[in-house]
Amino acid sequence: MELSINNVTRQYGNKIAVDNFSATLTSGVYGLLGANGAGKTTLMRLVCDILKPSAGEITYGGVNVTELGEDYRDLLGYLPQQFGYYPDFSAYDYMMYLASLKGLDHSAARKKTLELLETIGLLNEKKNKIKTFSGGMRQRLGIAQAMLNDPKILVLDEPTAGLDPKERVNFRNLISSFSQDRIIILSTHIVSDVEYIADEIMMMKSGQLLSRGNAQSIIKTVEHSVWEVTVSAEAAEKINAKFIISNLKHSDDYVTLRIVAENKPHEQAVNVRPNLEDLYLYYFQEVEPNDNINQIRVD
Amino acid sequence: MNKGDISRIKTTLLEYKIASPRDEDRLKTIELAQAALERRKSVGTPLSSLFTTQAKYMSKFLWVTQILAIIFTVMTSDGFSTINEIQGLIFTVVPILTFYAVPEVMKAKIYGMSEVEAVCKNSPAKIMIIKLIIIGTVNIGAILAITLFLSSKFDVRFIELLVYGLIPFNIMNIMNLLVLDVLKLKSPFAFLSTSLVTTLLLHLTRIYFDIAQHVWNGLFFVSAILLIFELYRLVITMRERQELLIWN
């Protein structure tokens with residue numbers, strides 16, 4: 001089955017949040033990468049049919065998702081960027097309540113709830129109120145609720161926000177094991193998450209699809225735009241003011257800079273292999289002095 | 001058919017050669033079966049199950065206020081004798097009944113669950129209608145119990161008392177819906193404050209209790225139409241998914 005986003009535009013007054021976006025998604029994990037305000041959350045809400053497009057349409061199996069209605073929502077799992085909970089709910093109540101809204105009968109809901117709570121490591125906390133949970137625990141619970149109905153389309157908006165490194169690794173493994181024969185769309189600011197999980201990356205800027213492909217192919221677009229140079233602290237300050245710095249490393253009196261620039265930024269700069277972070281900076285960061293440079297000692 | 005016939009048929013069938021299907025035909029059959037499986041008509045959730053789940057997860061304060069209001073009526077009505085005193089009691093007790101009505105119906109919006117609930121199979125509009133039916137039935141049931149008790153105790157026409165009871169019910173719900181809809185306030189304290197102020201105002205209106213019965217009837221119809229209109233608007237906007245509370 002195919003999920004097709006056909007020339008979708010969503011406007012809020014004069015502001016265009018999603019601008020003529022088109023993509024066809026088949027089973028696989030898609031990482032949506034973009035800066036704040038790029039339109040990722042709006043796109044996800046459109047995919048979930050929470051928002052209606054101002055123009056264009058989203059279809060699943062050739063049928064408009066709004067027309068599919070309940071049948072479409074039956075296939076859908078969604079983790080919003082921010083989500084609430086009823087204050088008197090325990091983790092178990094929360095899952096059982098949402099399972100009932102998702103149409104699961106009581107015994108199936110109970111089985112799935114316990115199974116998912118165990119997967120996310122909250123089985124021992126199932127009777128505890130959610131208000132006593134840490135941010136990471138709540139986020140894990142949010143991920144679990146999205147998977148309650150074994151969705152064919154799983155939409156996760158910033159799923160790794162608030163998770164510690166160990167929880168992030170567990171999340172990646174969970175998604176990998178869940179991804180077969182499903183469409184998983186996730187957005188994140190944590191570039192490494194996308195790099196590890198996503199089969200395909202969709203770069204989004206100003207509501208438009210900038211580029212799309214697997215990590216290797218997409219990184220290729222900045223192949224000749226990443227440089228490294230080791231210079232004095234004084235020269236480093238000058239370079240920092242002019243170029244996008246993706247990394248800097250201090251060693252004695254010298255600083256090694258990783259620079260993202262179209263043209264050679266310094267006569268001693270050498271071209272290096274780009275990574276996804278360089279790509280992100282290339283597309284999304286305007287030149288602005290890196291604060292860390294202030295820590296450079298100028299003798 | 002004797003044993004020999006059966007044995008002959010078996011032998012014929014076993015010897016019958018069927019040509020193996022072509023690989024492409026086999027694949028096509030699998031694809032068609034897969035497509036048929038994916039097109040399967042999903043089974044709807046039984047309404048009874050939705051009603052019981054929604055009732056189960058409703059705030060216990062909603063049930064407690066109903067019981068308290070009825071107990072309060074029974075315990076305080078002993079000292080009353082005039083119709084104005086009975087009206088005063090109704091105008092105090094009925095608003096208490098409705099304290100948790102709107103906050104409970106709009107709970108998803110108040111606690112930021114709208115977005116998660118919006119993508120569930122059973123739509124927010126359907127769930128809201130179920131909540132309205134449950135809470136409306138519980139509230140009106142309690143009002144009926146109170147007015148039935150008072151009309152039998154004081155020998156006042158039941159319908160007359162019911163009209164007195166339904167007016168504050170309508171007004172309280174309209175006020176809470178307006179707080180949510182017009183002022184866009186979603187804190188439980190905003191609803192509680194609105195309920196308390198409205199209760200107080202309704203209680204103070206006892207000075208106007210001498211108005212003619214047909215004016216009461218008129219008030220009831222106007223407030224009922226306003227409430228129905230506000231509820232209709234709420235369900236329609238929710239059905240169109242324009243009213244979801246979405247952060248940022």
# chains A, B, ... in the order shown; residues from 1 in each chain; ligands from 1
>>> residues_around(residues="segment 228-235 of chain A", least_positions_apart="3", cutoff="8 Å", atoms="only C-alpha atoms", output="PyMOL selection string")
chain A and resi 238-239+253-259+266+268-272+296-298
>>> residues_around(residues="Ala198 of chain A", least_positions_apart="3", cutoff="10 Å", atoms="only C-alpha atoms", output="NGL selection string")
:A and (28-32 or 172 or 175-176 or 184-186 or 192-195 or 201-202 or 213-215)
>>> interface_residues(of="chain A", to="chain B", cutoff="10 Å", atoms="only C-alpha atoms", output="ChimeraX atom specification")
/A:1,41,45,48-52,61,69-89,93-94,96-106,142,145-146,149
>>> select_by_dssp(residues="segment 96-205 of chain B", states="alpha helix (DSSP H)", output="PyMOL selection string")
chain B and resi 96-97+101-105+107-110+114-118+124-154+158-181+188-204
>>> residues_around(residues="segment 181-194 of chain B", least_positions_apart="6", cutoff="10 Å", atoms="only C-alpha atoms", output="PyMOL selection string")
chain B and resi 99-104+106-107+109-112+172+175+200+230+233-234+243+245
>>> residues_around(residues="Ala212 of chain B", least_positions_apart="6", cutoff="12 Å", atoms="only C-alpha atoms", output="PyMOL selection string")
chain B and resi 160+218-219
>>> atom_distance(atom1="atom CA of Ile135 of chain B", atom2="atom CA of Thr98 of chain B")
8.9 Å
>>> residues_around(residues="Arg140 of chain A", least_positions_apart="4", cutoff="8 Å", atoms="only C-alpha atoms", output="list in words")
Ile120, Gly136 and Ala144 of chain A
>>> residues_around(residues="Lys205 of chain A", least_positions_apart="5", cutoff="9 Å", atoms="only C-alpha atoms", output="NGL selection string")
:A and (33-35 or 37-40 or 210 or 283-284)
>>> closest_residue(among="A:Leu25, A:Met204, A:Leu248, A:Ile219", to="Leu3 of chain A", atoms="only C-alpha atoms")
A:Leu25
>>> atom_distance(atom1="atom CA of Lys126 of chain A", atom2="atom CA of Phe178 of chain A")
22.4 Å
>>> atom_distance(atom1="atom CA of Ile146 of chain B", atom2="atom CA of Met75 of chain B")
11.7 Å
>>> residues_around(residues="Thr113 of chain A", least_positions_apart="4", cutoff="7 Å", atoms="only C-alpha atoms", output="list in words")
Met95, Met96, Ala109 and Leu117 of chain A
